[in-house]
Amino acid sequence: MKISPLYLAGLAVDAIDGLSAVGVRPPYVETDDFVTGGVLDSKGRHWIVKAPMNTTAATSLEAEAAIAPLLLEALRQGELPFDIMRPAGFANVAAGGRAIVYPEPIGTPGDFETMTSTGAREVGRAIASIHMLPTETIDHAGLPHYAAEEFRVRQLAELHDADQTRAIPSLLRRRWEDALEDTELWEFEPAVLHGDIDSENFLWSGGTITAVLGFGGAHVGDPAVDFAPLLALPDPIFDAILDSYENTRGVSVDESTQTRAILLSELSIAKWLLYGIRTENDDVQHEARNMLTDLAADVESDPSSQPEPTWDVDPS
C-alpha cells in the first residue's frame, strides 16, 4: 500500500481530536518498515505521523508507545539529557497496526559517519544515560528483559534458525558457535538498551543531541547491543564514544563487551537474512547473502582482523 503525505495528514486528523490539518511538510521518509511525514495544523503546530508498513513494524511502534510515558518520567526526573517521542494520538492504518502522531521534536538527524569527536562524546553520553535507567523502566512497559544466559541462548537459537537457510558459510557458523558457546564471554550485567542505534534516531541542534527516537527495540540485555552498530566508525570516533560513555556511566567497557559487540555486528547479517525471508523481500535476501559471502572471505583471509572477532576458527 502506498502511503502519501496527504494520507498521513488524514491519519493525524483521525488521531487528534479537534486537529485541523492545513498542510503537509518535511520530513517525509519512506522505508520498508515505516512511512513518516510532517503535518501543519491550523494553530501552527507541527506534528509527526509515523505509520507502520508491516506487522513487525507495527509491533515495534506499539513498543515505542508503551515505553514513552516511562521515558518521559525519566526525563522529568533528570535521568535523560534529551527529549523523546511524546505520543499524542493513534489512528488505525489500512495496512494493519496503528500510526502514532506526536509533536515534532526539536532537531534534525545527523550522520554518524561525518561526526566529529565532540559529537561522538554526545553520543556516548546519550547511550550511557539510557543504560543507566532502572531496569523497571523496561519491565513496567512490558518489554523483554533478558538475563545474560538467556541472551546468549537466544543468540544461539537465532543462529541455528539462520543456519537452516543453508546460506551461512560453514566458516562463519563454526566461528559464531564457538563464540556463543564460550559462556565466560557472555558474563555481563544487563542494562536498559535502546536497541536500534542509528543516526536517523538521533536529532541534533547546535551540536547537541536534542531528542532520541526509535525506542521500539528497547529491552534489558547486553550493553554490547548498542555498541555493535557503531563499530564501522573510524577508530578515533568510536574511542571517543566509549570514553564519554565510561566517564558518564562510571564503568569500563571491557574487552569482552567489545568482542561481543563485534560478534553481534556480524550476527546482524544473519538476522537481516532471516528478516528478508520472513518478509519475502528478495532484495534484502540477496544483499544479506552477498554480505555473508564477503564476510566469510574476509575472515578466511585474516581471522584476527577488525572488525571481526579476535578468536580463531579452523577453516577446515
# chains A, B, ... in the order shown; residues from 1 in each chain; ligands from 1
call {"tool": "select_by_dssp", "arguments": {"residues": "stretch 75-285 of chain A", "states": "helix (DSSP H, G or I)", "output": "VMD selection string"}}
result
chain A and resid 75 to 76 112 to 114 117 to 131 136 to 141 148 to 163 170 to 180 183 to 186 199 to 201 215 to 217 224 to 230 235 to 249 255 to 278 282 to 285
call {"tool": "closest_atom_pairs", "arguments": {"of": "stretch 123-225 of chain A", "to": "stretch 231-240 of chain A", "cutoff": "12 Å", "atoms": "only C-alpha atoms", "output": "JSON lines"}}
result
{"residue": "A:Val123", "atom": "CA", "partner": "A:Ala240", "partner_atom": "CA", "distance": 9.1}
{"residue": "A:Gly124", "atom": "CA", "partner": "A:Ala240", "partner_atom": "CA", "distance": 7.5}
{"residue": "A:Arg125", "atom": "CA", "partner": "A:Ala240", "partner_atom": "CA", "distance": 10.3}
{"residue": "A:Ile197", "atom": "CA", "partner": "A:Leu231", "partner_atom": "CA", "distance": 11.4}
{"residue": "A:Asp198", "atom": "CA", "partner": "A:Leu231", "partner_atom": "CA", "distance": 11.9}
{"residue": "A:Ser199", "atom": "CA", "partner": "A:Leu233", "partner_atom": "CA", "distance": 11.8}
{"residue": "A:Ala224", "atom": "CA", "partner": "A:Leu231", "partner_atom": "CA", "distance": 10.6}
{"residue": "A:Val225", "atom": "CA", "partner": "A:Leu231", "partner_atom": "CA", "distance": 11.0}
call {"tool": "write_last_selection", "arguments": {"atoms": "C-alpha atoms", "output": "PDB file, in the first residue's frame"}}
result
ATOM      1  CA  VAL A 123      26.504  10.031  21.544  1.00  0.00           C
ATOM      2  CA  GLY A 124      28.487   8.326  24.294  1.00  0.00           C
ATOM      3  CA  ARG A 125      26.714  10.364  26.972  1.00  0.00           C
ATOM      4  CA  ILE A 197      21.247   2.775  17.491  1.00  0.00           C
ATOM      5  CA  ASP A 198      21.117   4.546  14.132  1.00  0.00           C
ATOM      6  CA  SER A 199      21.855   8.110  13.068  1.00  0.00           C
ATOM      7  CA  ALA A 224      27.175  -4.626  23.583  1.00  0.00           C
ATOM      8  CA  VAL A 225      23.964  -4.499  21.504  1.00  0.00           C
TER       9      VAL A 225
END
call {"tool": "residues_around", "arguments": {"residues": "A:Thr55", "least_positions_apart": "4", "cutoff": "9 Å", "atoms": "only C-alpha atoms", "output": "PDB file with N, CA, C and O atoms, in the first residue's frame"}}
result
ATOM      1  N   ASP A  33       9.752  -0.406   6.426  1.00  0.00           N
ATOM      2  CA  ASP A  33       9.034  -0.615   7.682  1.00  0.00           C
ATOM      3  C   ASP A  33       8.089   0.524   8.059  1.00  0.00           C
ATOM      4  O   ASP A  33       7.027   0.276   8.638  1.00  0.00           O
ATOM      5  N   THR A  59       4.421  -3.813  15.590  1.00  0.00           N
ATOM      6  CA  THR A  59       4.774  -4.255  16.938  1.00  0.00           C
ATOM      7  C   THR A  59       5.823  -3.334  17.553  1.00  0.00           C
ATOM      8  O   THR A  59       5.749  -2.966  18.731  1.00  0.00           O
ATOM      9  N   SER A  60       6.819  -2.962  16.745  1.00  0.00           N
ATOM     10  CA  SER A  60       7.866  -2.062  17.224  1.00  0.00           C
ATOM     11  C   SER A  60       7.299  -0.710  17.618  1.00  0.00           C
ATOM     12  O   SER A  60       7.678  -0.126  18.648  1.00  0.00           O
ATOM     13  N   ALA A  95      -3.132  -0.864   6.250  1.00  0.00           N
ATOM     14  CA  ALA A  95      -2.214  -1.990   6.083  1.00  0.00           C
ATOM     15  C   ALA A  95      -2.104  -2.832   7.343  1.00  0.00           C
ATOM     16  O   ALA A  95      -1.509  -3.915   7.324  1.00  0.00           O
ATOM     17  N   GLY A  96      -2.655  -2.349   8.461  1.00  0.00           N
ATOM     18  CA  GLY A  96      -2.578  -3.057   9.730  1.00  0.00           C
ATOM     19  C   GLY A  96      -1.768  -2.282  10.749  1.00  0.00           C
ATOM     20  O   GLY A  96      -0.817  -1.586  10.412  1.00  0.00           O
ATOM     21  N   GLY A  97      -2.170  -2.383  12.018  1.00  0.00           N
ATOM     22  CA  GLY A  97      -1.478  -1.666  13.071  1.00  0.00           C
ATOM     23  C   GLY A  97      -1.991  -0.244  13.217  1.00  0.00           C
ATOM     24  O   GLY A  97      -2.994   0.152  12.604  1.00  0.00           O
TER      25      GLY A  97
END
call {"tool": "residues_around", "arguments": {"residues": "A:Leu156", "least_positions_apart": "4", "cutoff": "12 Å", "atoms": "only C-alpha atoms", "output": "list in words"}}
result
Glu149, Glu150, Phe151, Arg152, His160, Asp161, Ala162, Asp163, Arg173, Arg174, Arg175, Trp176, Glu177, Asp178, Ala179, Leu180, Glu181, Asp182, Thr183, Trp186, Leu263, Leu264, Leu267, Ala270 and Lys271 of chain A
call {"tool": "residues_around", "arguments": {"residues": "A:Leu40", "least_positions_apart": "5", "cutoff": "9 Å", "atoms": "only C-alpha atoms", "output": "list of chain:residue names"}}
result
A:Ala9, A:Ser20, A:Ala21, A:Val22, A:Gly23, A:Val24, A:Arg25, A:Arg45, A:His46, A:Trp47
call {"tool": "write_last_selection", "arguments": {"atoms": "C-alpha atoms", "output": "compact mmCIF listing (two decimals), in the first residue's frame"}}
result
# COMPACT_ATOMS: atom_id res chain seq x y z
CA ALA A 9 -2.37 14.17 7.29
CA SER A 20 -7.41 20.72 11.54
CA ALA A 21 -4.62 19.95 9.11
CA VAL A 22 -3.76 22.79 6.73
CA GLY A 23 -0.70 21.31 5.05
CA VAL A 24 2.00 18.72 4.90
CA ARG A 25 5.65 19.44 5.45
CA ARG A 45 1.55 23.32 15.45
CA HIS A 46 3.93 20.87 13.78
CA TRP A 47 3.16 17.16 14.08
